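K.L.:
Structure supplied as work-v2.txt; contents: compact mmCIF, C-alpha atoms and all ligand atoms.
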```
# COMPACT_ATOMS: atom_id res chain seq x y z
CA MET A 1 -21.75 -88.02 -167.99
CA PRO A 2 -20.93 -85.04 -165.77
CA THR A 3 -21.98 -85.16 -162.12
CA ARG A 4 -24.76 -82.68 -161.51
CA VAL A 5 -24.34 -80.13 -158.72
CA LEU A 6 -27.05 -77.75 -157.53
CA ALA A 7 -26.13 -74.53 -155.70
CA ALA A 8 -29.36 -73.47 -153.95
CA GLY A 9 -28.40 -70.56 -151.72
CA ASP A 10 -30.61 -67.68 -150.63
CA HIS A 11 -28.51 -65.19 -152.63
CA PHE A 12 -26.81 -65.38 -156.03
CA VAL A 13 -23.53 -64.22 -154.46
CA LEU A 14 -23.44 -67.30 -152.22
CA ASN A 15 -24.24 -69.55 -155.19
CA ARG A 16 -21.36 -68.03 -157.20
CA LEU A 17 -18.97 -68.52 -154.29
CA LEU A 18 -20.07 -72.14 -153.83
CA VAL A 19 -19.61 -72.94 -157.52
CA GLU A 20 -16.21 -71.23 -157.73
CA ALA A 21 -14.96 -72.92 -154.55
CA VAL A 22 -15.96 -76.39 -155.80
CA ARG A 23 -14.36 -75.70 -159.20
CA ALA A 24 -11.14 -74.70 -157.45
CA GLU A 25 -11.15 -77.84 -155.27
CA THR A 26 -11.69 -80.55 -157.88
CA SER A 27 -11.09 -81.23 -161.56
CA ALA A 28 -14.00 -83.72 -161.69
CA ASP A 29 -16.45 -83.38 -164.58
CA LEU A 30 -19.23 -81.35 -162.94
CA GLU A 31 -22.30 -79.60 -164.30
CA PHE A 32 -23.60 -76.77 -162.12
CA THR A 33 -27.09 -75.32 -161.73
CA GLU A 34 -27.69 -72.23 -159.62
CA LEU A 35 -31.03 -71.57 -157.97
CA THR A 36 -31.79 -68.69 -155.61
CA LEU A 37 -34.32 -69.78 -153.01
CA PRO A 38 -36.06 -67.59 -150.43
CA TRP A 39 -34.89 -67.90 -146.83
CA PRO A 40 -37.59 -70.01 -145.14
CA VAL A 41 -38.86 -69.50 -141.63
CA GLU A 42 -35.75 -70.17 -139.57
CA PRO A 43 -35.94 -73.22 -137.37
CA PHE A 44 -33.51 -71.50 -134.98
CA GLY A 45 -32.09 -73.83 -132.44
CA ARG A 46 -33.22 -77.14 -133.85
CA VAL A 47 -30.59 -79.22 -135.54
CA GLY A 48 -31.46 -82.10 -137.81
CA GLU A 49 -35.13 -82.37 -136.85
CA VAL A 50 -36.64 -80.52 -139.77
CA ASP A 51 -39.55 -82.17 -141.43
CA GLU A 52 -42.52 -79.89 -141.63
CA ALA A 53 -43.90 -78.95 -145.02
CA SER A 54 -41.98 -76.07 -146.47
CA GLY A 55 -42.85 -73.66 -149.25
CA THR A 56 -39.58 -74.48 -150.98
CA GLU A 57 -39.98 -78.29 -150.89
CA GLU A 58 -41.61 -78.42 -154.35
CA GLN A 59 -38.91 -76.21 -155.85
CA MET A 60 -36.24 -78.40 -154.29
CA ILE A 61 -37.79 -81.61 -155.62
CA GLU A 62 -37.97 -80.11 -159.09
CA ALA A 63 -34.43 -78.70 -158.99
CA LEU A 64 -32.86 -81.86 -157.55
CA ARG A 65 -33.86 -84.15 -160.44
CA GLY A 66 -30.69 -85.95 -161.52
CA VAL A 67 -28.62 -83.94 -159.01
CA ARG A 68 -26.09 -85.80 -156.90
CA ILE A 69 -24.57 -82.90 -154.93
CA CYS A 70 -26.58 -80.05 -153.45
CA LEU A 71 -25.04 -77.05 -151.69
CA THR A 72 -27.30 -74.65 -149.87
CA GLN A 73 -27.69 -72.34 -146.90
CA MET A 74 -31.25 -73.02 -145.77
CA ALA A 75 -33.12 -75.06 -148.42
CA PRO A 76 -35.00 -77.88 -146.68
CA LEU A 77 -33.86 -81.49 -146.85
CA THR A 78 -37.05 -83.11 -145.61
CA ARG A 79 -38.08 -86.75 -145.75
CA ARG A 80 -40.34 -85.89 -148.70
CA VAL A 81 -37.50 -84.28 -150.63
CA LEU A 82 -35.29 -87.30 -149.91
CA GLU A 83 -37.94 -89.75 -151.08
CA ALA A 84 -38.49 -87.78 -154.30
CA CYS A 85 -34.79 -87.31 -155.14
CA PRO A 86 -33.05 -90.70 -155.31
CA ASP A 87 -29.98 -89.35 -157.14
CA LEU A 88 -28.95 -87.12 -154.24
CA ALA A 89 -25.90 -88.37 -152.33
CA PHE A 90 -24.35 -85.24 -150.77
CA PHE A 91 -26.14 -82.32 -149.13
CA GLY A 92 -23.86 -79.50 -147.99
CA VAL A 93 -25.18 -76.80 -145.63
CA SER A 94 -23.15 -73.59 -145.48
CA ARG A 95 -23.96 -73.05 -141.78
CA GLY A 96 -22.58 -73.90 -138.38
CA GLY A 97 -25.22 -76.58 -137.95
CA PRO A 98 -27.38 -78.42 -140.55
CA VAL A 99 -30.58 -76.95 -139.11
CA ASN A 100 -32.46 -77.46 -142.38
CA ALA A 101 -31.76 -81.18 -142.82
CA ASN A 102 -33.65 -84.15 -141.46
CA LEU A 103 -30.58 -86.14 -140.47
CA GLU A 104 -32.40 -89.33 -139.60
CA ALA A 105 -34.11 -89.48 -142.98
CA ALA A 106 -30.90 -88.45 -144.78
CA THR A 107 -29.04 -91.32 -143.12
CA GLU A 108 -31.79 -93.78 -144.08
CA HIS A 109 -31.52 -92.58 -147.69
CA GLY A 110 -27.72 -92.77 -147.70
CA VAL A 111 -27.30 -89.02 -148.13
CA ALA A 112 -24.28 -87.52 -146.42
CA VAL A 113 -25.03 -84.14 -144.81
CA ALA A 114 -22.02 -81.85 -144.57
CA PHE A 115 -21.91 -78.47 -142.84
CA ALA A 116 -19.49 -75.59 -142.24
CA PRO A 117 -18.54 -75.27 -138.57
CA GLY A 118 -16.58 -72.19 -137.60
CA ARG A 119 -17.13 -70.32 -140.87
CA ASN A 120 -18.23 -67.19 -139.02
CA ALA A 121 -16.52 -67.80 -135.69
CA ALA A 122 -13.97 -64.99 -136.11
CA ALA A 123 -16.70 -62.50 -137.07
CA THR A 124 -18.91 -63.55 -134.17
CA ALA A 125 -16.06 -63.46 -131.66
CA GLU A 126 -15.02 -59.99 -132.85
CA HIS A 127 -18.61 -58.76 -132.63
CA THR A 128 -18.84 -60.19 -129.11
CA LEU A 129 -15.73 -58.29 -128.08
CA GLY A 130 -17.24 -55.16 -129.62
CA MET A 131 -20.48 -55.71 -127.69
CA ILE A 132 -18.59 -56.20 -124.42
CA MET A 133 -16.69 -52.97 -124.97
CA ALA A 134 -19.80 -51.08 -126.12
CA ALA A 135 -21.70 -52.21 -123.03
CA VAL A 136 -18.92 -51.63 -120.52
CA ARG A 137 -17.95 -48.21 -121.89
CA ARG A 138 -21.59 -47.13 -122.60
CA ILE A 139 -20.59 -46.29 -126.18
CA PRO A 140 -24.10 -46.48 -127.76
CA GLN A 141 -25.64 -44.35 -124.98
CA THR A 142 -23.02 -41.61 -125.09
CA HIS A 143 -23.04 -41.59 -128.90
CA SER A 144 -26.84 -41.10 -128.86
CA ASP A 145 -26.49 -38.37 -126.19
CA LEU A 146 -24.12 -36.40 -128.41
CA HIS A 147 -26.50 -36.71 -131.36
CA THR A 148 -29.21 -35.09 -129.24
CA GLY A 149 -26.90 -32.29 -128.05
CA VAL A 150 -26.23 -33.73 -124.58
CA TRP A 151 -22.64 -33.73 -123.24
CA ARG A 152 -22.63 -35.55 -119.89
CA GLY A 153 -18.94 -36.05 -119.22
CA ASP A 154 -19.05 -36.06 -115.40
CA TYR A 155 -22.06 -38.36 -115.22
CA TYR A 156 -20.33 -40.95 -117.33
CA ARG A 157 -16.95 -40.31 -115.68
CA TYR A 158 -18.10 -40.85 -112.07
CA GLU A 159 -21.64 -42.20 -111.81
CA GLN A 160 -21.95 -44.56 -114.78
CA VAL A 161 -18.60 -46.27 -115.01
CA GLY A 162 -18.10 -49.91 -115.85
CA PRO A 163 -15.24 -52.30 -115.10
CA GLU A 164 -12.08 -52.50 -117.20
CA ILE A 165 -11.69 -55.76 -119.08
CA GLU A 166 -8.09 -55.95 -117.91
CA GLY A 167 -8.23 -57.57 -114.48
CA SER A 168 -11.90 -58.55 -114.77
CA THR A 169 -13.25 -62.07 -114.43
CA VAL A 170 -15.19 -63.11 -117.51
CA GLY A 171 -17.44 -66.19 -117.63
CA LEU A 172 -18.04 -67.92 -120.95
CA VAL A 173 -20.87 -70.40 -121.34
CA GLY A 174 -19.89 -72.58 -124.30
CA TYR A 175 -16.36 -73.11 -125.54
CA GLY A 176 -16.73 -74.02 -129.21
CA ALA A 177 -15.49 -72.22 -132.31
CA VAL A 178 -16.71 -68.80 -131.10
CA GLY A 179 -16.19 -69.20 -127.36
CA ARG A 180 -12.55 -70.20 -127.66
CA ARG A 181 -11.78 -67.22 -129.90
CA VAL A 182 -13.46 -64.87 -127.41
CA ALA A 183 -11.40 -66.47 -124.64
CA ARG A 184 -8.13 -65.87 -126.51
CA MET A 185 -8.99 -62.19 -127.11
CA LEU A 186 -10.05 -61.57 -123.52
CA ASN A 187 -7.01 -63.39 -122.23
CA ALA A 188 -4.81 -61.12 -124.35
CA LEU A 189 -6.58 -58.11 -122.80
CA GLY A 190 -5.68 -59.31 -119.31
CA ALA A 191 -9.02 -60.78 -118.21
CA ARG A 192 -9.32 -63.96 -116.20
CA VAL A 193 -11.48 -66.31 -118.30
CA LEU A 194 -13.73 -68.91 -116.67
CA VAL A 195 -15.61 -71.43 -118.78
CA HIS A 196 -18.63 -73.65 -118.37
CA ASP A 197 -18.84 -76.21 -121.17
CA PRO A 198 -19.34 -79.81 -120.10
CA TYR A 199 -18.20 -81.04 -123.52
CA ALA A 200 -15.02 -78.98 -123.98
CA ALA A 201 -11.94 -81.03 -123.21
CA ASP A 202 -9.09 -78.69 -124.12
CA LEU A 203 -9.19 -75.07 -122.98
CA ASP A 204 -6.13 -73.92 -124.99
CA GLY A 205 -4.33 -72.83 -121.81
CA VAL A 206 -6.18 -69.50 -121.75
CA ALA A 207 -9.22 -70.38 -119.66
CA GLU A 208 -10.26 -72.34 -116.60
CA GLN A 209 -13.22 -74.75 -116.53
CA VAL A 210 -15.31 -74.23 -113.39
CA PRO A 211 -18.69 -75.48 -112.14
CA PHE A 212 -21.61 -73.44 -113.49
CA ALA A 213 -22.52 -72.06 -110.04
CA ASP A 214 -18.93 -70.83 -109.50
CA LEU A 215 -18.86 -69.18 -112.90
CA LEU A 216 -22.09 -67.34 -112.15
CA SER A 217 -20.97 -66.13 -108.74
CA ARG A 218 -17.64 -64.84 -110.10
CA ALA A 219 -18.34 -63.51 -113.62
CA GLN A 220 -18.24 -59.71 -113.80
CA ILE A 221 -18.86 -60.19 -117.52
CA LEU A 222 -20.93 -63.17 -118.68
CA SER A 223 -20.91 -64.05 -122.38
CA LEU A 224 -22.99 -66.84 -123.96
CA HIS A 225 -21.58 -69.11 -126.69
CA ALA A 226 -23.42 -72.42 -126.37
CA ARG A 227 -25.54 -74.05 -129.06
CA VAL A 228 -29.22 -74.41 -128.31
CA THR A 229 -30.06 -77.87 -126.98
CA PRO A 230 -32.73 -79.04 -124.54
CA GLU A 231 -30.04 -78.64 -121.85
CA THR A 232 -29.08 -75.07 -122.74
CA THR A 233 -32.54 -73.69 -123.54
CA GLY A 234 -33.37 -71.02 -120.96
CA MET A 235 -30.21 -71.82 -118.98
CA ILE A 236 -29.76 -68.15 -118.00
CA GLY A 237 -32.93 -67.13 -116.17
CA LYS A 238 -33.89 -65.01 -113.17
CA ALA A 239 -31.96 -67.14 -110.64
CA GLU A 240 -28.78 -67.26 -112.74
CA LEU A 241 -28.84 -63.50 -113.33
CA ALA A 242 -29.38 -62.92 -109.61
CA ALA A 243 -26.36 -65.13 -108.88
CA LEU A 244 -24.04 -62.82 -110.87
CA PRO A 245 -22.07 -60.23 -108.90
CA ALA A 246 -23.80 -56.84 -108.58
CA GLY A 247 -22.80 -54.60 -111.48
CA ALA A 248 -22.19 -57.51 -113.88
CA VAL A 249 -22.47 -57.26 -117.66
CA VAL A 250 -24.28 -59.89 -119.77
CA VAL A 251 -23.63 -60.41 -123.49
CA ASN A 252 -25.46 -62.80 -125.81
CA CYS A 253 -24.29 -63.23 -129.40
CA ALA A 254 -25.32 -66.91 -129.54
CA ARG A 255 -29.08 -67.57 -129.55
CA GLY A 256 -32.06 -65.87 -127.90
CA ALA A 257 -33.33 -69.20 -126.57
CA LEU A 258 -30.46 -69.41 -124.07
CA LEU A 259 -31.60 -66.39 -122.07
CA ASP A 260 -34.79 -65.23 -120.31
CA HIS A 261 -35.08 -61.72 -121.74
CA ASP A 262 -37.76 -60.53 -119.33
CA ALA A 263 -35.51 -61.49 -116.45
CA LEU A 264 -32.64 -59.69 -118.20
CA CYS A 265 -34.65 -56.46 -118.53
CA ASP A 266 -35.75 -56.76 -114.87
CA ALA A 267 -32.13 -57.18 -113.75
CA LEU A 268 -31.13 -54.09 -115.76
CA ASP A 269 -34.09 -52.05 -114.47
CA SER A 270 -33.30 -52.96 -110.86
CA GLY A 271 -29.68 -51.91 -111.33
CA HIS A 272 -28.37 -55.39 -110.44
CA LEU A 273 -26.76 -55.55 -113.88
CA TYR A 274 -24.62 -52.64 -115.07
CA ALA A 275 -25.25 -53.36 -118.75
CA ALA A 276 -26.17 -56.01 -121.30
CA ALA A 277 -25.71 -56.44 -125.05
CA CYS A 278 -27.60 -58.84 -127.31
CA ASP A 279 -27.36 -59.69 -130.99
CA VAL A 280 -30.00 -62.46 -130.86
CA PHE A 281 -33.54 -62.52 -129.50
CA PRO A 282 -36.44 -64.86 -128.78
CA GLU A 283 -38.36 -63.29 -131.65
CA GLU A 284 -36.63 -61.75 -134.65
CA PRO A 285 -37.12 -59.02 -135.73
CA ILE A 286 -37.78 -57.70 -132.21
CA PRO A 287 -41.51 -56.79 -132.13
CA ALA A 288 -42.36 -53.09 -131.83
CA GLY A 289 -43.09 -52.14 -128.22
CA SER A 290 -40.76 -54.81 -126.80
CA ARG A 291 -38.89 -53.93 -123.61
CA LEU A 292 -35.75 -54.99 -125.44
CA LEU A 293 -35.94 -51.75 -127.40
CA THR A 294 -36.47 -49.44 -124.43
CA THR A 295 -34.60 -50.91 -121.46
CA PRO A 296 -31.75 -48.56 -120.57
CA ASN A 297 -28.21 -49.90 -120.82
CA LEU A 298 -29.21 -52.73 -123.14
CA THR A 299 -27.32 -52.55 -126.42
CA VAL A 300 -28.92 -54.42 -129.32
CA THR A 301 -27.79 -55.35 -132.82
CA PRO A 302 -29.98 -57.11 -135.42
CA HIS A 303 -28.51 -60.65 -135.48
CA LEU A 304 -25.45 -59.79 -137.50
CA ALA A 305 -22.56 -60.97 -135.33
CA GLY A 306 -21.63 -63.68 -137.81
CA ALA A 307 -21.69 -61.46 -140.88
CA SER A 308 -18.38 -60.44 -142.42
CA LYS A 309 -16.79 -60.24 -145.86
CA GLN A 310 -15.14 -63.58 -145.20
CA THR A 311 -18.08 -65.57 -143.81
CA ALA A 312 -19.73 -66.81 -147.03
CA MET A 313 -16.35 -67.45 -148.64
CA ASN A 314 -15.19 -69.49 -145.64
CA ALA A 315 -18.38 -71.57 -145.82
CA ALA A 316 -17.91 -72.18 -149.55
CA HIS A 317 -14.32 -73.36 -149.04
CA ILE A 318 -15.22 -75.66 -146.14
CA LEU A 319 -18.04 -77.28 -148.15
CA ALA A 320 -15.99 -77.49 -151.34
CA GLY A 321 -13.33 -79.46 -149.45
CA ASP A 322 -15.96 -82.02 -148.47
CA VAL A 323 -17.42 -82.13 -151.99
CA ALA A 324 -13.94 -83.06 -153.25
CA ARG A 325 -13.58 -85.70 -150.51
CA HIS A 326 -17.00 -87.11 -151.38
CA LEU A 327 -16.07 -87.35 -155.05
CA ARG A 328 -12.83 -89.14 -154.13
CA GLY A 329 -14.74 -91.53 -151.86
CA GLU A 330 -12.93 -90.27 -148.75
CA PRO A 331 -14.50 -89.59 -145.32
CA LEU A 332 -15.83 -86.05 -144.99
CA ALA A 333 -14.20 -83.52 -142.68
CA HIS A 334 -17.53 -82.16 -141.39
CA CYS A 335 -20.28 -84.75 -141.69
CA ALA A 336 -23.38 -84.35 -139.52
CA ASN A 337 -24.46 -87.98 -140.01
CA PRO A 338 -21.21 -89.98 -140.14
CA GLU A 339 -23.23 -93.14 -139.58
CA VAL A 340 -24.67 -92.70 -143.06
CA LEU A 341 -24.70 -96.20 -144.52
CA LYS A 342 -24.05 -95.48 -148.16
CA GLN A 343 -22.09 -92.29 -148.79
CA ASP A 344 -20.97 -93.14 -152.25
CA ARG A 345 -23.77 -93.85 -154.71
CA ARG A 346 -21.85 -93.33 -157.95
N1 LIG A 401 -25.24 -64.12 -133.74
C1 LIG A 401 -24.74 -64.75 -134.79
O1 LIG A 401 -24.78 -64.25 -135.91
C2 LIG A 401 -24.08 -66.06 -134.60
C3 LIG A 401 -23.02 -66.42 -135.44
C4 LIG A 401 -22.38 -67.64 -135.21
C5 LIG A 401 -22.81 -68.49 -134.21
N2 LIG A 401 -23.86 -68.11 -133.46
C6 LIG A 401 -24.30 -68.95 -132.36
O2 LIG A 401 -23.26 -68.92 -131.38
C7 LIG A 401 -23.21 -70.17 -130.68
C8 LIG A 401 -21.80 -70.73 -130.72
O3 LIG A 401 -21.44 -70.98 -132.07
P1 LIG A 401 -20.16 -71.90 -132.36
O4 LIG A 401 -19.91 -71.83 -133.81
O5 LIG A 401 -19.07 -71.56 -131.41
O6 LIG A 401 -20.77 -73.33 -131.98
P2 LIG A 401 -19.96 -74.63 -131.60
O7 LIG A 401 -20.85 -75.77 -131.94
O8 LIG A 401 -18.58 -74.61 -132.16
O9 LIG A 401 -19.83 -74.52 -130.00
C9 LIG A 401 -20.93 -74.61 -129.17
C10 LIG A 401 -20.44 -75.06 -127.81
O10 LIG A 401 -21.58 -75.18 -126.93
C11 LIG A 401 -21.21 -76.17 -126.00
N3 LIG A 401 -22.31 -76.66 -125.18
C12 LIG A 401 -23.21 -77.62 -125.48
N4 LIG A 401 -24.01 -77.84 -124.42
C13 LIG A 401 -23.59 -77.00 -123.44
C14 LIG A 401 -24.02 -76.78 -122.11
N5 LIG A 401 -25.02 -77.46 -121.55
N6 LIG A 401 -23.39 -75.83 -121.39
C15 LIG A 401 -22.36 -75.13 -121.93
N7 LIG A 401 -21.90 -75.32 -123.17
C16 LIG A 401 -22.51 -76.25 -123.92
C17 LIG A 401 -20.63 -77.27 -126.89
O11 LIG A 401 -19.88 -78.20 -126.13
C18 LIG A 401 -19.77 -76.46 -127.83
O12 LIG A 401 -18.44 -76.37 -127.37
C19 LIG A 401 -24.28 -71.04 -131.34
O13 LIG A 401 -25.47 -70.92 -130.59
C20 LIG A 401 -24.48 -70.41 -132.72
O14 LIG A 401 -25.74 -70.68 -133.26
C21 LIG A 401 -24.49 -66.92 -133.61
O1 LIG A 402 -27.56 -66.93 -138.25
C1 LIG A 402 -26.67 -67.01 -137.42
O2 LIG A 402 -26.83 -66.87 -136.22
C2 LIG A 402 -25.35 -67.24 -137.89
O3 LIG A 402 -25.34 -67.33 -139.24
C3 LIG A 402 -24.82 -68.49 -137.27
O4 LIG A 402 -25.68 -69.52 -137.21
P1 LIG A 402 -25.16 -70.97 -137.45
O5 LIG A 402 -23.83 -71.12 -136.76
O6 LIG A 402 -26.24 -71.82 -136.88
O7 LIG A 402 -25.03 -71.10 -138.92
```
For the structure just supplied, provide its representation as structure tokens.
P.N.:
Amino acid sequence: MPTRVLAAGDHFVLNRLLVEAVRAETSADLEFTELTLPWPVEPFGRVGEVDEASGTEEQMIEALRGVRICLTQMAPLTRRVLEACPDLAFFGVSRGGPVNANLEAATEHGVAVAFAPGRNAAATAEHTLGMIMAAVRRIPQTHSDLHTGVWRGDYYRYEQVGPEIEGSTVGLVGYGAVGRRVARMLNALGARVLVHDPYAADLDGVAEQVPFADLLSRAQILSLHARVTPETTGMIGKAELAALPAGAVVVNCARGALLDHDALCDALDSGHLYAAACDVFPEEPIPAGSRLLTTPNLTVTPHLAGASKQTAMNAAHILAGDVARHLRGEPLAHCANPEVLKQDRR
């Protein structure tokens, strides 16, 4: 009897990549089903606490009959799904965190939850560098000026000039897959890189861990790369922005929940900050009429830092490696619930 595998991504391209990556990783006798599911309301920021009713729960329960391995981007693994699908043993989430899985219930049901850390870290780090440069050099503003027939060379040459990255002090909050790549790039550009991440042990020799208050008082460029936790939610508010040196630049390509956006707009309006750039917001899409769309010197992109040609392929390869390990009865490389009692239910 072949082992049944369900690829339940939000796009047929992801499903194809998942199936092909698993086929390339193992010669086990597998039978694949592909199901394209709509992207549910994103539980941004919560990891492993999902359990509310979801529109796709019924579809999942139906599709998971007899399925042992499920690979998905956002399909919900709720307690109800787990109770209704006793054959499931492996649930792979093609994201940096298994935000769509109830980890406690999965562990109770002996279902291993795998995920794909770092799959989009290069893309996100490169976008962050782009946002820093865009903000510091006023690229979006001057580009828009030219489109409206305005050539303001002297203004931007003398009155609106930002710091060079070379020689600047940059503060990174969070030193995980993205943060450490940003640090390497900025280090190569000649910046001094300070880090606040209480859980990062090794700083790769390119950055210096400092107390949070020191980082804030010294960072000419502040870039956020922490995951959202109770500890990091709202960690950059009015007081933290005020603590930055005058003329500082703030960049957020992590999560909107880390930053008080009203305080950010106030700090830009008052001239305390020179510029800011955000890819993520408290509400997405940004509602019409929001200050985030009209505050000068705030560059915005629509939550696409992690998107690249490689991202989905990287995720598929990371998950496929763990599918092969699961089938061989080996420990997984990226398991969100390693305490799972019964990983192998063959
Ligand atoms: N905009 C996008 O498209 C996009 C793409 C990828 C990742 N992200 C977001 O970027 C962030 C970083 O992603 P990653 O893949 O590097 O995650 P990661 O899990 O590899 O790293 C997150 C880091 O945050 C640190 N952290 C935890 N608590 C902290 C605290 N109190 N203070 C400072 N640091 C703390 C952790 O120790 C860890 O090193 C996440 O919020 C992720 O959701 C956004
Ligand atoms: O949607 C995003 O922000 C990116 O895909 C990264 O999120 P993740 O690391 O939580 O998957």
K.L.:
Counting only C-alpha atoms, figure out which residue out of A:Pro245, A:Gly271, A:Pro76, A:Gly306 gets nearest to Ala123 (chain A).
P.N.:
A:Gly306
K.L.:
How would you write, as number ranges by chain, the set of residues no farther than 6 Å from ligand LIG 401 (chain A) when counting only C-alpha atoms and all ligand atoms?
P.N.:
A: 96, 118, 120-121, 124, 173-179, 196-200, 225-228, 231-232, 253-255, 279-280, 303-306
K.L.:
Quote the spacing between CA of Leu14 (chain A) and CA of Pro302 (chain A) in Å to one decimal place.
P.N.:
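Rounded to one decimal, the two atoms are 20.7 Å apart.
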K.L.:
Report, in Å with one decimal, the straight-line distance from CA of Met133 (chain A) to CA of Asn297 (chain A).
P.N.:
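Distance between the two atoms: 12.6 Å.
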K.L.:
Do you have the CA of Pro285 (chain A)-CA of Gly9 (chain A) distance handy?
P.N.:
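That distance, rounded to one decimal, is 21.6 Å.
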K.L.:
Hey, what's within 10 Å of Leu129 (chain A) if we count all atoms listed in the file and toss same-chain stuff fewer than 4 positions away? As a list of chain:residue names, please?
P.N.:
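Residues near the query, excluding close chain neighbours: A:Ala123, A:Thr124, A:Ala125, A:Met133, A:Ala134, A:Ala135, A:Arg181, A:Val182, A:Ala183, A:Met185, A:Leu186, A:Ser223, A:Val251, A:Cys253.
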K.L.:
For a quick check of understanding, using all atoms listed in the file, which of A:Ala207, A:Val195, A:Ala219, A:Ala105 has the smallest distance to Ser168 (chain A)?
P.N.:
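Ranked by minimum distance to Ser168 (chain A), first place goes to A:Ala219.
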K.L.:
Please provide the set of residues having any atom within 9 Å of region 290-295 of chain A, restricted to all atoms listed in the file, with same-chain residues fewer than 4 positions apart removed, written as a list in words.
P.N.:
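Neighbouring residues, sequence-local ones excluded: His261, Asp262, Cys265, Asp266, Leu268, Asp269, Phe281, Ile286, Thr299 and Val300 of chain A.
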K.L.:
Neighbours of region 327-340 of chain A within 9 Å (all atoms listed in the file; same-chain residues fewer than 3 positions away dropped), as a PyMOL selection string?
P.N.:
chain A and resi 26+28+48+92+97-98+103-104+106-117+318-319+321-324+343-344+346
K.L.:
Which neighbours of region 72-75 of chain A fall inside 8 Å, counting all atoms listed in the file, when residues of the same chain fewer than 5 positions from it are skipped, and could you give them as a PyMOL selection string?
P.N.:
chain A and resi 7-10+15+37+39-40+56-57+60+91-95+99-100
K.L.:
In terms of the shortest atom-to-atom distance over all atoms listed in the file, which of A:Ala122, A:Cys70, A:His326, A:Pro287 is closest to ligand LIG 402 (chain A)?
P.N.:
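Selected residue with least distance to ligand LIG 402 (chain A): A:Ala122.
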K.L.:
Within 12 Å of Ala248 (chain A), counting only C-alpha atoms, which residues qualify if same-chain residues fewer than 6 places away don't, as an NGL selection string?
P.N.:
:A and (132 or 135-136 or 161-165 or 168-171 or 216-223 or 240-242 or 264 or 267-268 or 271-277 or 297)
K.L.:
Return the single residue from A:Leu215, A:Ala312, A:Val67, A:Leu35 that is closest to ligand LIG 402 (chain A), with distances computed using only C-alpha atoms and all ligand atoms.
P.N.:
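Closest residue, counting only C-alpha atoms and all ligand atoms: A:Ala312.
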K.L.:
Rank nothing, just name the residue among A:Ala201, A:Val210, A:Val81, A:Ala288 nearest to Leu172 (chain A), using all atoms listed in the file.
P.N.:
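Going through A:Ala201, A:Val210, A:Val81, A:Ala288 one by one, the smallest distance to Leu172 (chain A) is for A:Val210.
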K.L.:
Considering only C-alpha atoms and all ligand atoms, can you say which of A:Ile139, A:Gln59, A:Arg119, A:Asp202 comes closest to ligand LIG 402 (chain A)?
P.N.:
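The answer is A:Arg119, which sits nearest to ligand LIG 402 (chain A).
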